[in-house]
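Below is one structure; the comments refer to it alone.
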Amino acid sequence: MSNTPVIVDAIRSPMGKGKMGGGLSGLHPVDLLAQVLKSIVSRNDLDPATIDDVIIGCVSQVGEQSATPGRMAVLAAGFPAHVPSTTIDRKCGSSQQAVHFAAQGIAAGAYDIVIAGGVESMSRVPMGSARIGNADPFGAGVRERYAPGLVGQGVAAELVAARWGITREECDAYAVQSHHRAAAAIEAFGREIVAIDIGAGKMERDETIRADSSAAALAQLKTVFADEALAKRFPQLGTWKVTAGNSSQITDGAAAVLVMSEAKATALGLKPRARFVGFDVIGDDPMLMLTAPIPATQRVLKKAGMKVEQIDHYEINEAFAPVPLAWQRELGADPARLNPRGGAIALGHPLGASGARLLTTMLNALEQTGGRFGLMSMCEAGGMANATIIERL
């Protein structure tokens, strides 16, 4: 019991549109994260001096996110200077990996109390900012192995759609469902969202959800990644399908998960909300890039000795509509349990924060619906994915 890692709390900021003028765009990412850190400590009456580490996911570690944002947020939150922090970059799965490292560190006896989470201010630090000029992030070895070259995530989403026979109409219908499910859950989100002071008041609700989303409206949008040269290279693509409307939204946000040893939570009089059942991380084809949640799910279920039917709630990040649709087809999972409160198409995808955001939403949904087991997985650039199973307590 002593080293068993448990989730004591999980919270997130509202999701702000990731452009200047978005609700959170006036906040430095450090200050956004600091407010979330202060909230998770205060609502659990936790002495921040007892925190062993703060593990924060962040993808674009440049500009305002370049100085170990978790460490700066610890200081901005007023925590004692001895509380350390580190930054994790496993692309879109960064904060999910941060939670894994927190739980694994507790299980190993290295920690008693950890805050794991993430932050990304995509309005202030645009995606791709870390790449300077024409710098090559791959190197000769990768170019040689995957000649004539890897493709971007949007083209990978098109390849996934082609491989699983997913149509444009299915992508748009899924996107509409995401918005409608999120709109139906707005009141339920109240427990997981902490109000953020934005100077001119407080932001308490997501500003990304379009309750009036319709298939007819989405059908009018142009595909984003259509390219004649790529069409010749990949004749299997056929009709292009991915649009801004059936892809995740560029978003600002932060999330935090309070992880403790069960013994420490008991000693502090805190009631654990969930335990960890299984972890996995795996790589898959970097050309398809977005398919790794499939083997990650298969492996984490095998490690846990479970079947997909035993899971009450699935969170598969909606980077693009073909990702959860392909996952659902391959696993034969119940579509009603898949992202039942919407996903990144409606709520947005603040890269480094999304893993902790998904976990926060899943935990709260399990509690509010009486579900027992939840499974989440994130596709990650380079063809990787983390997978996590939790049990509500």
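To be explicit about the labels: the chains of the structure tokens are called A, B, and onward in the order shown, and within each one the residues are counted from 1, while ligands get numbers from 1 in the order they are shown.
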Exercise: Met260 in chain A partners within 9 Å, only C-alpha atoms, chain neighbours under 6 positions left out, as a PyMOL selection string: chain A and resi 3-8+102-103+106+111-115+272
With a distance cut-off of 8 Å and only C-alpha atoms, select the neighbouring residues of Leu218 in chain A, excluding the residue or stretch itself and same-chain residues fewer than 3 positions from it, and output the selection as number ranges by chain. A: 172, 213-215, 221, 245-246
Residues of range 54-303 of chain A classed as helix (DSSP H, G or I) by DSSP on the backbone are to be reported as a count of residues only. 96
Quick one: residues within 8 Å of range 324-327 of chain A, only C-alpha atoms counted, chain neighbours fewer than 6 positions away excluded, as JSON, numbers by chain? {"A": [160, 161, 164, 166, 291, 293, 294, 316, 317, 318, 338]}
Produce a file of the selected residues containing N, CA and C atoms, as a PDB file, in the first residue's frame.
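Okay, this is what ended up in selection-v7.pdb:
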```pdb
ATOM      1  N   VAL A 160      -4.377   7.851 -42.803  1.00  0.00           N
ATOM      2  CA  VAL A 160      -5.146   7.014 -41.883  1.00  0.00           C
ATOM      3  C   VAL A 160      -6.575   6.844 -42.396  1.00  0.00           C
ATOM      4  N   ALA A 161      -7.181   7.941 -42.820  1.00  0.00           N
ATOM      5  CA  ALA A 161      -8.544   7.870 -43.343  1.00  0.00           C
ATOM      6  C   ALA A 161      -8.616   6.930 -44.544  1.00  0.00           C
ATOM      7  N   TRP A 164      -8.289   3.136 -43.448  1.00  0.00           N
ATOM      8  CA  TRP A 164      -9.454   2.566 -42.761  1.00  0.00           C
ATOM      9  C   TRP A 164     -10.771   2.869 -43.492  1.00  0.00           C
ATOM     10  N   ILE A 166     -12.290   5.688 -44.205  1.00  0.00           N
ATOM     11  CA  ILE A 166     -13.108   6.695 -43.524  1.00  0.00           C
ATOM     12  C   ILE A 166     -13.419   7.821 -44.508  1.00  0.00           C
ATOM     13  N   THR A 291      -1.304   6.423 -35.636  1.00  0.00           N
ATOM     14  CA  THR A 291      -1.935   5.119 -35.391  1.00  0.00           C
ATOM     15  C   THR A 291      -1.497   4.450 -34.099  1.00  0.00           C
ATOM     16  N   PRO A 293      -1.983   4.931 -30.960  1.00  0.00           N
ATOM     17  CA  PRO A 293      -2.959   4.606 -29.912  1.00  0.00           C
ATOM     18  C   PRO A 293      -3.552   3.203 -30.039  1.00  0.00           C
ATOM     19  N   ILE A 294      -3.556   2.652 -31.243  1.00  0.00           N
ATOM     20  CA  ILE A 294      -4.109   1.299 -31.421  1.00  0.00           C
ATOM     21  C   ILE A 294      -3.229   0.257 -30.731  1.00  0.00           C
ATOM     22  N   ILE A 316      -9.719   9.138 -26.535  1.00  0.00           N
ATOM     23  CA  ILE A 316      -8.720   9.031 -27.597  1.00  0.00           C
ATOM     24  C   ILE A 316      -8.622  10.408 -28.235  1.00  0.00           C
ATOM     25  N   ASN A 317      -7.474  11.027 -28.125  1.00  0.00           N
ATOM     26  CA  ASN A 317      -7.369  12.441 -28.502  1.00  0.00           C
ATOM     27  C   ASN A 317      -7.788  12.678 -29.945  1.00  0.00           C
ATOM     28  N   GLU A 318      -8.646  13.669 -30.120  1.00  0.00           N
ATOM     29  CA  GLU A 318      -9.177  14.000 -31.434  1.00  0.00           C
ATOM     30  C   GLU A 318      -8.246  14.959 -32.172  1.00  0.00           C
ATOM     31  N   LEU A 338     -16.790   6.438 -26.426  1.00  0.00           N
ATOM     32  CA  LEU A 338     -15.611   7.096 -26.985  1.00  0.00           C
ATOM     33  C   LEU A 338     -15.784   8.610 -26.948  1.00  0.00           C
TER      34      LEU A 338
END
```
Can you list, as a short mmCIF file (atom, residue, chain, number, x, y, z; two decimals) with N, CA and C atoms, in the first residue's frame, every protein, DNA or RNA residue that comes within 12 Å of Ile193 in chain A when you count only C-alpha atoms, leaving out same-chain residues fewer than 4 positions away?
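Printed below is out_26.cif as written:
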```cif
data_model
loop_
_atom_site.label_atom_id
_atom_site.label_comp_id
_atom_site.auth_asym_id
_atom_site.auth_seq_id
_atom_site.Cartn_x
_atom_site.Cartn_y
_atom_site.Cartn_z
N ASP A 9 -6.48 14.53 -7.09
CA ASP A 9 -7.27 15.57 -7.72
C ASP A 9 -6.76 15.78 -9.14
N ALA A 10 -7.64 16.38 -9.98
CA ALA A 10 -7.29 16.68 -11.37
C ALA A 10 -8.14 17.85 -11.81
N ILE A 11 -7.48 18.90 -12.29
CA ILE A 11 -8.19 20.13 -12.68
C ILE A 11 -7.60 20.67 -13.97
N ARG A 12 -8.34 21.60 -14.55
CA ARG A 12 -7.83 22.25 -15.76
C ARG A 12 -8.36 23.67 -15.84
N SER A 13 -7.69 24.45 -16.66
CA SER A 13 -8.20 25.77 -16.99
C SER A 13 -9.31 25.62 -18.03
N PRO A 14 -10.10 26.67 -18.25
CA PRO A 14 -10.94 26.67 -19.44
C PRO A 14 -10.03 26.62 -20.68
N MET A 15 -10.58 26.18 -21.78
CA MET A 15 -9.84 26.17 -23.03
C MET A 15 -10.10 27.47 -23.78
N GLN A 35 -1.64 29.78 -11.88
CA GLN A 35 -2.98 29.83 -11.30
C GLN A 35 -3.55 28.42 -11.11
N VAL A 36 -3.28 27.54 -12.06
CA VAL A 36 -3.76 26.16 -11.93
C VAL A 36 -3.04 25.45 -10.77
N SER A 39 -4.47 26.62 -7.52
CA SER A 39 -5.82 26.09 -7.32
C SER A 39 -5.79 24.66 -6.82
N ILE A 40 -4.94 23.82 -7.39
CA ILE A 40 -4.95 22.41 -6.99
C ILE A 40 -4.40 22.24 -5.57
N ILE A 186 -21.34 21.06 -20.73
CA ILE A 186 -20.81 22.34 -20.23
C ILE A 186 -21.00 22.47 -18.72
N GLU A 187 -22.17 22.14 -18.22
CA GLU A 187 -22.40 22.25 -16.79
C GLU A 187 -21.56 21.22 -16.03
N ALA A 188 -21.45 20.02 -16.58
CA ALA A 188 -20.66 18.97 -15.92
C ALA A 188 -19.18 19.35 -15.85
N PHE A 189 -18.70 20.14 -16.82
CA PHE A 189 -17.30 20.57 -16.80
C PHE A 189 -16.99 21.48 -15.62
N LYS A 202 -12.85 37.03 -14.68
CA LYS A 202 -12.43 35.63 -14.63
C LYS A 202 -13.06 34.85 -15.78
N MET A 203 -12.26 33.96 -16.33
CA MET A 203 -12.74 33.06 -17.39
C MET A 203 -13.06 31.72 -16.75
N GLU A 204 -14.28 31.25 -16.92
CA GLU A 204 -14.73 30.04 -16.23
C GLU A 204 -15.22 28.95 -17.16
N ARG A 205 -15.38 29.25 -18.45
CA ARG A 205 -15.91 28.27 -19.38
C ARG A 205 -15.06 28.20 -20.65
N ASP A 206 -15.08 27.04 -21.28
CA ASP A 206 -14.40 26.86 -22.56
C ASP A 206 -15.03 27.78 -23.61
N GLY A 253 -4.19 26.54 -22.88
CA GLY A 253 -4.74 25.87 -21.72
C GLY A 253 -3.68 25.27 -20.82
N ALA A 254 -4.10 24.89 -19.63
CA ALA A 254 -3.21 24.23 -18.66
C ALA A 254 -4.04 23.26 -17.84
N ALA A 255 -3.39 22.23 -17.33
CA ALA A 255 -4.06 21.23 -16.50
C ALA A 255 -3.06 20.66 -15.51
N ALA A 256 -3.58 20.15 -14.39
CA ALA A 256 -2.71 19.61 -13.35
C ALA A 256 -3.39 18.43 -12.67
N ARG A 357 -5.42 17.18 -19.51
CA ARG A 357 -6.80 17.61 -19.71
C ARG A 357 -7.71 16.41 -19.95
N THR A 360 -8.23 14.55 -16.73
CA THR A 360 -9.12 15.31 -15.85
C THR A 360 -10.58 15.11 -16.25
N THR A 361 -10.86 15.24 -17.54
CA THR A 361 -12.22 15.06 -18.03
C THR A 361 -12.70 13.64 -17.81
N ASN A 364 -13.47 12.93 -13.99
CA ASN A 364 -14.71 13.57 -13.55
C ASN A 364 -15.93 12.91 -14.17
#
```
Residues near range 365-380 of chain A, cut-off 6 Å, only C-alpha atoms, skip fewer than 4 positions along chain, as a PyMOL selection string: chain A and resi 91-93+290+293+311-317+384-392
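Between CA of Ala336 in chain A and CA of Phe276 in chain A the separation is 23.3 Å.
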Correct to one decimal, the distance CA of Leu363 in chain A-CA of Ala195 in chain A is 18.9 Å
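Nearest residue to Arg90 in chain A among A:Leu288, A:Leu33, A:Ile282, A:Ile209 is A:Ile282, counting only C-alpha atoms.
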Point-to-point distance from CA of Thr50 in chain A to CA of Gly278 in chain A, Å rounded to tenths: 26.6 Å
Taking the DSSP assignment computed from this structure's backbone, write out as a VMD selection string all residues of range 223-338 of chain A that belong to strand (DSSP E or B). chain A and resid 223 243 247 251 to 261 274 to 283 313 to 316 320 338
Resulting file, chosen residues, C-alpha atoms, as an mmCIF file, in the first residue's frame:
```cif
data_model
loop_
_atom_site.group_PDB
_atom_site.id
_atom_site.type_symbol
_atom_site.label_atom_id
_atom_site.label_comp_id
_atom_site.auth_asym_id
_atom_site.auth_seq_id
_atom_site.Cartn_x
_atom_site.Cartn_y
_atom_site.Cartn_z
ATOM 1 C CA THR A 223 -9.626 20.535 -47.272
ATOM 2 C CA THR A 243 -10.512 20.276 -42.901
ATOM 3 C CA SER A 247 -9.391 18.711 -36.848
ATOM 4 C CA THR A 251 -5.855 26.359 -28.095
ATOM 5 C CA ASP A 252 -4.409 27.860 -24.924
ATOM 6 C CA GLY A 253 -4.742 25.867 -21.718
ATOM 7 C CA ALA A 254 -3.214 24.234 -18.657
ATOM 8 C CA ALA A 255 -4.061 21.225 -16.505
ATOM 9 C CA ALA A 256 -2.706 19.606 -13.350
ATOM 10 C CA VAL A 257 -3.050 16.222 -11.638
ATOM 11 C CA LEU A 258 -2.182 15.708 -7.963
ATOM 12 C CA VAL A 259 -0.584 12.279 -7.553
ATOM 13 C CA MET A 260 0.384 10.831 -4.178
ATOM 14 C CA SER A 261 1.319 7.573 -2.570
ATOM 15 C CA ALA A 274 -8.597 6.918 -8.689
ATOM 16 C CA ARG A 275 -5.782 4.415 -8.939
ATOM 17 C CA PHE A 276 -3.605 3.511 -11.890
ATOM 18 C CA VAL A 277 -4.317 0.128 -13.473
ATOM 19 C CA GLY A 278 -1.894 0.169 -16.391
ATOM 20 C CA PHE A 279 0.580 2.220 -18.419
ATOM 21 C CA ASP A 280 2.018 1.847 -21.887
ATOM 22 C CA VAL A 281 4.034 3.844 -24.372
ATOM 23 C CA ILE A 282 4.939 2.618 -27.830
ATOM 24 C CA GLY A 283 6.076 3.722 -31.253
ATOM 25 C CA HIS A 313 -14.976 5.524 -20.790
ATOM 26 C CA TYR A 314 -12.414 5.970 -23.568
ATOM 27 C CA GLU A 315 -10.537 9.201 -24.258
ATOM 28 C CA ILE A 316 -8.720 9.031 -27.597
ATOM 29 C CA PHE A 320 -8.033 14.738 -36.403
ATOM 30 C CA LEU A 338 -15.611 7.096 -26.985
#
```
Can you build me a table of range 94-159 of chain A residues sitting at most 12 Å from range 348-356 of chain A, with the closest atom pair per residue and its distance in Å to one decimal, using only C-alpha atoms, sorted by chain and residue number, as a Markdown table?
```
| residue | atom | partner | partner_atom | distance |
| --- | --- | --- | --- | --- |
| A:Ser94 | CA | A:Gly352 | CA | 5.3 |
| A:Ser95 | CA | A:Gly355 | CA | 4.9 |
| A:Gln96 | CA | A:Gly355 | CA | 4.2 |
| A:Gln97 | CA | A:Gly355 | CA | 7.8 |
| A:Ala98 | CA | A:Ala356 | CA | 8.4 |
| A:Val99 | CA | A:Ala356 | CA | 7.4 |
| A:His100 | CA | A:Gly355 | CA | 10.5 |
| A:Ile115 | CA | A:Ala356 | CA | 10.7 |
| A:Ala116 | CA | A:Ala356 | CA | 7.8 |
| A:Gly117 | CA | A:Ala356 | CA | 5.5 |
| A:Gly118 | CA | A:Ala353 | CA | 3.9 |
| A:Val119 | CA | A:Ala353 | CA | 4.6 |
| A:Glu120 | CA | A:Pro350 | CA | 5.2 |
| A:Ser121 | CA | A:Pro350 | CA | 6.9 |
| A:Met122 | CA | A:Pro350 | CA | 6.8 |
| A:Ser123 | CA | A:Pro350 | CA | 9.9 |
| A:Arg124 | CA | A:Pro350 | CA | 11.8 |
| A:Val125 | CA | A:Pro350 | CA | 10.9 |
| A:Pro126 | CA | A:Pro350 | CA | 10.6 |
| A:Met127 | CA | A:Leu351 | CA | 8.7 |
| A:Gly128 | CA | A:Leu351 | CA | 11.4 |
```
Those residues with C-alpha atoms, as a CSV table (one decimal), in the first residue's frame please?
```csv
chain,number,residue,atom,x,y,z
A,94,SER,CA,3.7,15.3,-22.9
A,95,SER,CA,1.5,15.8,-19.9
A,96,GLN,CA,0.2,12.2,-20.1
A,97,GLN,CA,3.8,11.1,-19.9
A,98,ALA,CA,4.3,13.6,-17.0
A,99,VAL,CA,1.5,11.7,-15.1
A,100,HIS,CA,3.2,8.4,-15.9
A,115,ILE,CA,2.0,17.5,-9.4
A,116,ALA,CA,2.0,16.4,-13.0
A,117,GLY,CA,0.4,18.5,-15.7
A,118,GLY,CA,1.0,20.6,-18.7
A,119,VAL,CA,0.7,24.1,-20.3
A,120,GLU,CA,0.7,25.4,-23.8
A,121,SER,CA,-0.1,29.0,-24.9
A,122,MET,CA,-0.5,28.5,-28.7
A,123,SER,CA,-1.6,32.1,-29.2
A,124,ARG,CA,1.7,33.4,-27.7
A,125,VAL,CA,4.1,30.6,-28.7
A,126,PRO,CA,2.8,29.3,-32.0
A,127,MET,CA,3.2,25.7,-32.9
A,128,GLY,CA,6.5,25.2,-34.7
```
